[in-house]
>>> print(open('target-v1.cif').read())   # mmCIF, C-alpha atoms and all ligand atoms
data_run
loop_
_atom_site.label_atom_id
_atom_site.label_comp_id
_atom_site.auth_asym_id
_atom_site.auth_seq_id
_atom_site.Cartn_x
_atom_site.Cartn_y
_atom_site.Cartn_z
CA MET P 283 162.57 31.07 43.32
CA PHE P 284 160.95 29.07 40.52
CA LYS P 285 157.95 26.94 41.37
CA THR P 286 158.52 23.56 39.72
CA ASN P 287 157.20 20.02 39.49
CA TYR P 288 158.86 17.52 37.18
CA HIS P 289 156.81 14.51 38.26
CA ASN P 290 153.41 14.62 36.56
CA HIS P 291 151.39 11.74 35.14
CA SER P 292 148.66 11.94 32.55
CA LYS P 293 146.26 9.60 30.79
CA TRP P 294 149.22 8.40 28.69
CA SER P 295 150.05 6.18 31.67
CA ASP P 296 148.08 6.02 34.94
CA GLY P 297 147.17 9.70 35.31
CA LYS P 298 143.55 10.75 35.28
CA TYR P 299 143.35 13.32 32.47
CA ASN P 300 145.11 14.51 29.38
CA PRO P 301 148.24 16.51 30.16
CA GLU P 302 146.73 19.81 29.04
CA LYS P 303 144.50 19.82 32.11
CA THR P 304 147.57 19.64 34.33
CA VAL P 305 149.25 22.43 32.35
CA LEU P 306 146.22 24.71 32.83
CA ARG P 307 146.03 23.97 36.55
CA ALA P 308 149.78 24.56 36.94
CA ILE P 309 149.43 27.96 35.23
CA GLU P 310 146.52 28.84 37.53
CA LEU P 311 148.60 27.91 40.58
CA GLY P 312 151.60 29.95 39.46
CA PHE P 313 154.02 27.17 38.55
CA ASP P 314 156.92 28.41 36.43
CA ILE P 315 158.16 25.05 35.14
CA ILE P 316 156.56 21.63 34.97
CA GLY P 317 157.56 18.35 33.39
CA PHE P 318 155.69 15.22 32.43
CA SER P 319 156.98 11.87 33.54
CA ASP P 320 154.50 9.22 32.54
CA HIS P 321 155.41 5.60 33.31
CA SER P 322 157.59 4.06 30.61
CA PRO P 323 156.31 1.03 28.69
CA VAL P 324 157.32 -2.38 30.08
CA PRO P 325 157.49 -5.71 28.24
CA PHE P 326 154.67 -7.32 30.23
CA LYS P 327 151.02 -6.60 31.02
CA SER P 328 150.64 -3.59 33.29
CA GLU P 329 147.73 -1.37 34.26
CA TRP P 330 149.81 1.71 34.81
CA ASN P 331 152.62 1.74 32.32
CA MET P 332 152.31 3.43 28.96
CA LYS P 333 151.65 1.21 25.96
CA TYR P 334 154.60 0.99 23.55
CA GLU P 335 152.38 2.11 20.69
CA ASN P 336 151.61 5.34 22.58
CA LEU P 337 155.19 6.36 23.29
CA LEU P 338 155.65 8.58 20.23
CA LYS P 339 152.14 10.01 20.61
CA TYR P 340 152.96 10.96 24.20
CA ILE P 341 156.14 12.67 23.10
CA SER P 342 154.44 14.69 20.39
CA ASP P 343 151.55 15.56 22.72
CA ILE P 344 153.94 17.04 25.32
CA ASN P 345 156.04 18.76 22.65
CA ASN P 346 152.90 20.39 21.24
CA LEU P 347 151.94 21.64 24.70
CA LYS P 348 155.46 23.07 25.11
CA GLU P 349 154.85 25.21 22.04
CA LYS P 350 151.23 26.06 22.73
CA TYR P 351 151.86 27.40 26.24
CA ASN P 352 155.41 28.69 25.93
CA GLU P 353 154.37 32.22 26.84
CA GLN P 354 152.77 31.09 30.10
CA ILE P 355 154.80 28.20 31.46
CA LYS P 356 157.86 26.11 30.65
CA ILE P 357 157.08 22.48 29.97
CA TYR P 358 159.63 19.67 29.79
CA LEU P 359 159.43 16.10 28.58
CA GLY P 360 160.47 13.27 30.86
CA LEU P 361 159.61 9.67 31.63
CA GLU P 362 159.38 7.81 34.90
CA ALA P 363 161.22 4.78 33.66
CA ASP P 364 161.44 1.38 35.29
CA PHE P 365 164.68 -0.33 36.11
CA ILE P 366 164.01 -4.06 36.37
CA ASN P 367 167.21 -6.01 36.04
CA GLY P 368 167.14 -8.17 32.91
CA ILE P 369 163.70 -6.83 31.92
CA SER P 370 163.54 -3.05 31.63
CA TYR P 371 166.19 -0.33 31.49
CA ILE P 372 166.01 3.45 31.61
CA LYS P 373 168.74 3.78 28.98
CA ASN P 374 166.41 2.16 26.42
CA PHE P 375 164.43 5.40 26.31
CA LYS P 376 167.24 7.93 26.23
CA HIS P 377 167.41 8.13 22.43
CA LEU P 378 163.93 9.67 22.34
CA GLY P 379 165.10 13.21 23.05
CA LEU P 380 163.76 13.34 26.58
CA ASP P 381 164.70 16.33 28.70
CA TYR P 382 165.22 14.11 31.75
CA THR P 383 164.47 10.70 33.24
CA ILE P 384 163.13 9.75 36.64
CA GLY P 385 164.20 6.22 37.54
CA GLY P 386 162.22 3.96 39.80
CA ALA P 387 162.34 0.38 41.06
CA HIS P 388 158.60 -0.26 41.29
CA TYR P 389 159.01 -3.88 40.27
CA LEU P 390 161.41 -6.52 41.49
CA PRO P 391 162.35 -9.23 38.99
CA GLU P 392 160.60 -11.98 40.99
CA THR P 393 157.39 -13.44 39.60
CA PHE P 394 154.38 -15.08 41.19
CA GLU P 395 153.31 -18.58 40.12
CA ASP P 396 150.88 -17.14 37.57
CA GLY P 397 153.77 -15.26 35.93
CA THR P 398 152.90 -11.80 37.31
CA ILE P 399 155.93 -9.74 38.18
CA PHE P 400 156.11 -8.45 41.77
CA ASN P 401 155.12 -4.79 42.05
CA ILE P 402 155.99 -3.37 45.47
CA ASP P 403 154.09 -0.13 44.75
CA ASN P 404 150.62 -1.59 44.18
CA THR P 405 148.55 -2.55 47.24
CA ASP P 406 149.38 -3.66 50.76
CA GLU P 407 147.73 -6.98 49.95
CA ILE P 408 150.05 -7.60 47.01
CA PHE P 409 153.05 -6.49 49.07
CA GLN P 410 152.11 -8.97 51.78
CA ARG P 411 151.53 -11.76 49.28
CA GLY P 412 154.90 -11.10 47.64
CA LEU P 413 156.66 -11.10 50.97
CA SER P 414 155.18 -14.44 51.87
CA GLU P 415 155.21 -16.23 48.49
CA LEU P 416 158.44 -14.88 47.03
CA TYR P 417 160.63 -14.07 50.04
CA ASN P 418 159.44 -16.62 52.58
CA ASN P 419 158.32 -13.78 54.89
CA ASP P 420 161.92 -12.61 55.22
CA ILE P 421 161.43 -8.83 55.22
CA LYS P 422 165.16 -8.12 55.51
CA PHE P 423 165.75 -10.11 52.35
CA LEU P 424 163.01 -8.22 50.51
CA VAL P 425 164.37 -4.86 51.69
CA GLU P 426 167.85 -5.89 50.52
CA ARG P 427 166.48 -6.96 47.13
CA TYR P 428 164.83 -3.56 46.76
CA TYR P 429 167.87 -1.47 47.65
CA ASN P 430 170.11 -3.72 45.55
CA ALA P 431 167.86 -2.90 42.61
CA VAL P 432 168.06 0.82 43.41
CA ASN P 433 171.86 0.68 43.70
CA GLN P 434 172.15 -1.19 40.44
CA MET P 435 169.82 1.29 38.74
CA ILE P 436 171.98 4.19 39.93
CA GLU P 437 175.29 2.61 38.95
CA GLU P 438 174.30 1.06 35.63
CA ASP P 439 171.29 2.95 34.36
CA SER P 440 172.01 6.58 35.38
CA PRO P 441 168.60 8.19 35.87
CA ASP P 442 168.68 11.99 36.30
CA VAL P 443 166.33 11.76 39.25
CA ILE P 444 165.71 8.87 41.65
CA ALA P 445 162.00 8.37 42.37
CA HIS P 446 160.65 7.82 45.91
CA LEU P 447 163.93 6.42 47.25
CA ASP P 448 162.42 4.48 50.17
CA LEU P 449 159.44 3.08 48.25
CA ILE P 450 159.89 -0.18 50.15
CA GLU P 451 158.33 1.69 53.10
CA LYS P 452 155.12 2.54 51.25
CA PHE P 453 153.02 0.12 53.33
CA ASN P 454 155.20 0.32 56.43
CA LYS P 455 153.14 2.87 58.35
CA ASN P 456 153.60 2.44 62.12
CA HIS P 457 156.44 0.00 61.32
CA LYS P 458 153.98 -2.61 60.15
CA TYR P 459 156.67 -4.66 58.40
CA PHE P 460 159.93 -3.49 59.96
CA ASP P 461 161.44 -0.89 62.25
CA SER P 462 162.95 1.67 59.91
CA LYS P 463 165.15 2.96 62.72
CA ALA P 464 166.78 -0.46 63.15
CA GLN P 465 170.49 -0.57 62.56
CA TRP P 466 170.32 -3.18 59.80
CA TYR P 467 167.93 -0.95 57.81
CA GLN P 468 169.94 2.23 58.33
CA LYS P 469 173.05 0.37 57.17
CA ILE P 470 171.33 -0.59 53.90
CA VAL P 471 170.17 3.02 53.44
CA ASP P 472 173.66 4.39 54.19
CA ASN P 473 175.12 2.08 51.60
CA CYS P 474 172.61 3.29 49.02
CA LEU P 475 173.30 6.95 49.83
CA LYS P 476 177.04 6.33 49.36
CA THR P 477 176.27 4.88 45.94
CA ILE P 478 174.22 7.97 45.05
CA GLN P 479 176.94 10.29 46.31
CA LYS P 480 179.38 8.92 43.72
CA THR P 481 177.06 9.94 40.86
CA ASN P 482 175.26 13.04 39.61
CA CYS P 483 171.85 11.63 40.49
CA ILE P 484 169.29 13.88 42.14
CA VAL P 485 166.88 12.48 44.71
CA GLU P 486 163.30 13.70 44.59
CA LEU P 487 161.34 14.56 47.71
CA ASN P 488 158.16 12.70 46.81
CA SER P 489 155.02 13.84 48.60
CA ARG P 490 152.39 11.51 47.13
CA SER P 491 152.03 8.97 49.95
CA LEU P 492 151.91 11.86 52.43
CA TYR P 493 149.10 13.83 50.77
CA LYS P 494 147.23 10.59 50.01
CA GLY P 495 147.32 9.85 53.75
CA LEU P 496 149.19 6.56 53.34
CA LEU P 497 152.27 7.69 55.29
CA ASP P 498 153.04 10.47 57.76
CA ASP P 499 156.27 11.51 56.09
CA PHE P 500 157.64 12.24 52.65
CA SER P 501 159.61 9.73 50.64
CA PRO P 502 162.43 9.67 51.54
CA LYS P 503 161.76 10.11 55.23
CA ILE P 504 163.24 13.03 57.14
CA THR P 505 165.93 10.79 58.70
CA ILE P 506 167.17 9.86 55.23
CA LEU P 507 166.83 13.42 53.97
CA GLN P 508 169.13 14.67 56.74
CA LYS P 509 171.70 12.00 55.92
CA MET P 510 171.47 13.07 52.27
CA LEU P 511 172.20 16.65 53.23
CA ASN P 512 175.32 15.57 55.14
CA LEU P 513 176.48 13.79 51.99
CA LYS P 514 175.61 16.83 49.84
CA ILE P 515 173.17 14.82 47.71
CA PRO P 516 171.04 17.20 45.59
CA VAL P 517 167.25 17.17 45.81
CA THR P 518 164.24 18.28 43.82
CA ILE P 519 160.59 18.59 44.87
CA SER P 520 158.10 16.14 43.42
CA GLY P 521 154.33 16.14 43.54
CA ASP P 522 153.99 12.79 41.71
CA VAL P 523 150.72 14.26 40.45
CA HIS P 524 148.17 11.92 38.85
CA ASN P 525 145.26 14.36 38.91
CA PRO P 526 145.57 18.15 38.37
CA GLU P 527 143.69 18.69 41.64
CA GLU P 528 146.78 17.37 43.42
CA MET P 529 148.92 20.17 41.98
CA GLU P 530 148.43 22.43 44.99
CA LEU P 531 148.85 19.79 47.71
CA PHE P 532 152.59 19.47 48.00
CA TRP P 533 154.62 22.59 47.20
CA LYS P 534 154.52 24.55 50.46
CA LYS P 535 154.89 21.54 52.72
CA SER P 536 157.75 20.18 50.62
CA ILE P 537 159.67 23.44 50.86
CA GLU P 538 159.09 23.55 54.62
CA ASN P 539 160.31 19.99 54.96
CA LEU P 540 163.46 20.68 52.94
CA LYS P 541 164.18 23.72 55.10
CA PHE P 542 163.49 21.73 58.25
CA ALA P 543 166.00 19.12 57.12
CA GLY P 544 168.52 21.92 56.62
CA TYR P 545 168.56 22.13 52.83
CA LYS P 546 169.26 25.62 51.51
CA GLU P 547 169.16 24.79 47.83
CA MET P 548 167.46 22.44 45.44
CA MET P 549 167.76 21.41 41.80
CA LEU P 550 165.96 23.02 38.94
CA PHE P 551 165.80 21.76 35.36
CA ASP P 552 165.80 24.55 32.82
CA GLN P 553 167.43 25.29 29.47
CA ASN P 554 168.69 21.76 28.96
CA LYS P 555 170.40 21.29 32.28
CA TRP P 556 169.95 20.66 35.97
CA GLN P 557 171.07 23.62 38.01
CA ILE P 558 171.06 24.79 41.62
CA GLN P 559 168.49 27.23 42.91
CA LYS P 560 168.38 28.74 46.40
CA ILE P 561 165.36 27.91 48.53
CA ASP P 562 163.61 30.97 49.88
ZN ZN N 601 156.78 5.96 40.93
ZN ZN N 602 155.16 8.73 39.50
#
>>> encode(input="target-v1.cif", output="structure tokens")
Amino acid sequence: MFKTNYHNHSKWSDGKYNPEKTVLRAIELGFDIIGFSDHSPVPFKSEWNMKYENLLKYISDINNLKEKYNEQIKIYLGLEADFINGISYIKNFKHLGLDYTIGGAHYLPETFEDGTIFNIDNTDEIFQRGLSELYNNDIKFLVERYYNAVNQMIEEDSPDVIAHLDLIEKFNKNHKYFDSKAQWYQKIVDNCLKTIQKTNCIVELNSRSLYKGLLDDFSPKITILQKMLNLKIPVTISGDVHNPEEMELFWKKSIENLKFAGYKEMMLFDQNKWQIQKID
């Protein structure tokens, strides 16, 4: 079985170091294939997205590493691209010769009074402020807005991989904002999974919030993962690595979790296509 991680960030967006450091750590840890997926540029001020002027430099940096290390590890070029309806689309980056795209709805197209766009993936404080100032404390409405964005991304913007599917739960530890077992929430999730099932999209099992201690489960949660299996939705493992030291934190646990959910295979990107590999 190939050891893979297609979700790596570097200093080209909000990662800590240059990508070569991650490559070297991945080789040390016995990874067979890795991919870089720095955050795509967005048309507004952002601390974590890549700057437009760096996009081509990022691409040539990763392509050079592909060549330099091709005897030791396979490296692929991706982007974690933002779908923000009316503002940012994944398809805008597809002409760049990327090997794959990871699509995420980190931002919702609502803006605060000072013009800042609402980022649900930032801090609990910002999440809380958004909920109160933009959604009148109506958590159901906010959850619906999030999954509507995800559904629209899947149907209209066709990412290869869907990032952290239940990101709306990032600050929902101990059901702080809502009961994720509630029927209304499960109905919204079911609807999203049906949308995914009609496409070729792969869902990643993102481990970042788990190894950072923010949540006690992966994203998506085990309940969603089991529903995905019933619908035969393909998965891949994702470390969402921002620092090479995180490279070793997720692999074993992620495999165990996939097996626990009942998955017997997962997706592998190699030689220009996504393909199935058995989990062992
Ligand atoms: Zn993300
Ligand atoms: Zn990421």
>>> closest_residue(input="target-v1.cif", among="P:Met283, P:Val425, P:Ile436, P:Leu359", to="Ser342 of chain P", atoms="only C-alpha atoms")
P:Leu359
>>> residues_around(input="target-v1.cif", residues="Asn352 of chain P", least_positions_apart="6", cutoff="12 Å", atoms="all atoms listed in the file", output="ChimeraX atom specification")
/P:305,309,314-316,344-346,358
>>> atom_distance(input="target-v1.cif", atom1="atom CA of Ser536 of chain P", atom2="atom CA of Leu311 of chain P")
15.6 Å
>>> atom_distance(input="target-v1.cif", atom1="atom CA of Gly386 of chain P", atom2="atom CA of His446 of chain P")
7.4 Å
>>> residues_near_ligand(input="target-v1.cif", ligand="ligand ZN 602 (chain N)", cutoff="12 Å", atoms="only C-alpha atoms and all ligand atoms", output="PyMOL selection string")
chain P and resi 287-292+295-297+317-322+330-331+360-364+383-388+403+443-447+449+486-491+520-525
>>> closest_residue(input="target-v1.cif", among="P:Ile408, P:Leu540, P:Ile558, P:Ile402", to="ligand ZN 601 (chain N)", atoms="all atoms listed in the file")
P:Ile402
>>> residues_near_point(input="target-v1.cif", point="(149.8, 6.7, 54.7)", cutoff="12 Å", atoms="all atoms listed in the file", output="list in words")
Thr405, Asp406, Glu451, Lys452, Phe453, Asn454, Lys455, Asn456, His457, Lys458, Ser489, Arg490, Ser491, Leu492, Tyr493, Lys494, Gly495, Leu496, Leu497, Asp498, Asp499, Phe500 and Ser501 of chain P
>>> write_last_selection(input="target-v1.cif", atoms="C-alpha atoms", output="PDB file, keeping the file's coordinate frame")
ATOM      1  CA  THR P 405     148.550  -2.550  47.240  1.00  0.00           C
ATOM      2  CA  ASP P 406     149.380  -3.660  50.760  1.00  0.00           C
ATOM      3  CA  GLU P 451     158.330   1.690  53.100  1.00  0.00           C
ATOM      4  CA  LYS P 452     155.120   2.540  51.250  1.00  0.00           C
ATOM      5  CA  PHE P 453     153.020   0.120  53.330  1.00  0.00           C
ATOM      6  CA  ASN P 454     155.200   0.320  56.430  1.00  0.00           C
ATOM      7  CA  LYS P 455     153.140   2.870  58.350  1.00  0.00           C
ATOM      8  CA  ASN P 456     153.600   2.440  62.120  1.00  0.00           C
ATOM      9  CA  HIS P 457     156.440   0.000  61.320  1.00  0.00           C
ATOM     10  CA  LYS P 458     153.980  -2.610  60.150  1.00  0.00           C
ATOM     11  CA  SER P 489     155.020  13.840  48.600  1.00  0.00           C
ATOM     12  CA  ARG P 490     152.390  11.510  47.130  1.00  0.00           C
ATOM     13  CA  SER P 491     152.030   8.970  49.950  1.00  0.00           C
ATOM     14  CA  LEU P 492     151.910  11.860  52.430  1.00  0.00           C
ATOM     15  CA  TYR P 493     149.100  13.830  50.770  1.00  0.00           C
ATOM     16  CA  LYS P 494     147.230  10.590  50.010  1.00  0.00           C
ATOM     17  CA  GLY P 495     147.320   9.850  53.750  1.00  0.00           C
ATOM     18  CA  LEU P 496     149.190   6.560  53.340  1.00  0.00           C
ATOM     19  CA  LEU P 497     152.270   7.690  55.290  1.00  0.00           C
ATOM     20  CA  ASP P 498     153.040  10.470  57.760  1.00  0.00           C
ATOM     21  CA  ASP P 499     156.270  11.510  56.090  1.00  0.00           C
ATOM     22  CA  PHE P 500     157.640  12.240  52.650  1.00  0.00           C
ATOM     23  CA  SER P 501     159.610   9.730  50.640  1.00  0.00           C
TER      24      SER P 501
END
>>> atom_distance(input="target-v1.cif", atom1="atom CA of Lys285 of chain P", atom2="atom CA of Leu338 of chain P")
28.1 Å
>>> residues_around(input="target-v1.cif", residues="Asp439 of chain P", least_positions_apart="5", cutoff="8 Å", atoms="all atoms listed in the file", output="mmCIF file with C-alpha atoms, keeping the file's coordinate frame")
data_model
loop_
_atom_site.group_PDB
_atom_site.id
_atom_site.type_symbol
_atom_site.label_atom_id
_atom_site.label_comp_id
_atom_site.auth_asym_id
_atom_site.auth_seq_id
_atom_site.Cartn_x
_atom_site.Cartn_y
_atom_site.Cartn_z
ATOM 1 C CA PHE P 365 164.680 -0.330 36.110
ATOM 2 C CA TYR P 371 166.190 -0.330 31.490
ATOM 3 C CA ILE P 372 166.010 3.450 31.610
ATOM 4 C CA LYS P 373 168.740 3.780 28.980
ATOM 5 C CA GLN P 434 172.150 -1.190 40.440
#
>>> closest_residue(input="target-v1.cif", among="P:Leu507, P:Val324, P:Val432, P:Ile515", to="Phe375 of chain P", atoms="all atoms listed in the file")
P:Val324
>>> closest_residue(input="target-v1.cif", among="P:Lys476, P:Asp396, P:Asn404, P:Ile484", to="ligand ZN 601 (chain N)", atoms="only C-alpha atoms and all ligand atoms")
P:Asn404
>>> axis_aligned_box(input="target-v1.cif", around="segment 301-317 of chain P", padding_each_side="4 Å", output="AutoDock Vina command-line options")
--center_x 151.3 --center_y 23.2 --center_z 34.8 --size_x 21.7 --size_y 21.4 --size_z 19.5
>>> closest_residue(input="target-v1.cif", among="P:Tyr389, P:Asn554, P:Leu424, P:Met548", to="ligand ZN 601 (chain N)", atoms="only C-alpha atoms and all ligand atoms")
P:Tyr389
>>> residues_around(input="target-v1.cif", residues="Glu538 of chain P", least_positions_apart="4", cutoff="12 Å", atoms="all atoms listed in the file", output="PyMOL selection string")
chain P and resi 487+500+504+519+532-534+542-546+561-562
>>> residues_near_point(input="target-v1.cif", point="(144.2, 18.5, 33.9)", cutoff="10 Å", atoms="all atoms listed in the file", output="MDAnalysis selection string")
chainID P and resid 291:293 297:308 524:529
>>> build_atoms(input="target-v1.cif", residues="segment 415-432 of chain P", atoms="N, CA and C atoms", output="CSV table (one decimal), in the coordinates of the input")
chain,number,residue,atom,x,y,z
P,415,GLU,N,155.0,-15.2,49.5
P,415,GLU,CA,155.2,-16.2,48.5
P,415,GLU,C,156.6,-16.2,47.8
P,416,LEU,N,157.2,-15.0,47.8
P,416,LEU,CA,158.4,-14.9,47.0
P,416,LEU,C,159.7,-14.7,47.9
P,417,TYR,N,159.5,-14.3,49.2
P,417,TYR,CA,160.6,-14.1,50.0
P,417,TYR,C,160.5,-14.8,51.4
P,418,ASN,N,159.6,-15.8,51.4
P,418,ASN,CA,159.4,-16.6,52.6
P,418,ASN,C,159.3,-15.8,53.9
P,419,ASN,N,158.6,-14.7,53.8
P,419,ASN,CA,158.3,-13.8,54.9
P,419,ASN,C,159.6,-13.2,55.5
P,420,ASP,N,160.7,-13.2,54.7
P,420,ASP,CA,161.9,-12.6,55.2
P,420,ASP,C,162.0,-11.1,54.8
P,421,ILE,N,161.5,-10.2,55.6
P,421,ILE,CA,161.4,-8.8,55.2
P,421,ILE,C,162.8,-8.2,55.0
P,422,LYS,N,163.8,-8.7,55.7
P,422,LYS,CA,165.2,-8.1,55.5
P,422,LYS,C,165.6,-8.5,54.1
P,423,PHE,N,165.3,-9.7,53.7
P,423,PHE,CA,165.8,-10.1,52.4
P,423,PHE,C,165.1,-9.3,51.3
P,424,LEU,N,163.8,-9.0,51.5
P,424,LEU,CA,163.0,-8.2,50.5
P,424,LEU,C,163.6,-6.8,50.5
P,425,VAL,N,163.8,-6.2,51.6
P,425,VAL,CA,164.4,-4.9,51.7
P,425,VAL,C,165.7,-4.8,51.0
P,426,GLU,N,166.5,-5.8,51.2
P,426,GLU,CA,167.8,-5.9,50.5
P,426,GLU,C,167.7,-6.0,49.0
P,427,ARG,N,166.7,-6.8,48.6
P,427,ARG,CA,166.5,-7.0,47.1
P,427,ARG,C,166.1,-5.6,46.5
P,428,TYR,N,165.3,-4.9,47.3
P,428,TYR,CA,164.8,-3.6,46.8
P,428,TYR,C,166.0,-2.6,46.6
P,429,TYR,N,166.8,-2.4,47.7
P,429,TYR,CA,167.9,-1.5,47.6
P,429,TYR,C,169.0,-1.9,46.7
P,430,ASN,N,169.2,-3.2,46.6
P,430,ASN,CA,170.1,-3.7,45.6
P,430,ASN,C,169.7,-3.3,44.2
P,431,ALA,N,168.4,-3.3,43.9
P,431,ALA,CA,167.9,-2.9,42.6
P,431,ALA,C,168.1,-1.4,42.4
P,432,VAL,N,167.9,-0.6,43.5
P,432,VAL,CA,168.1,0.8,43.4
P,432,VAL,C,169.5,1.1,43.2
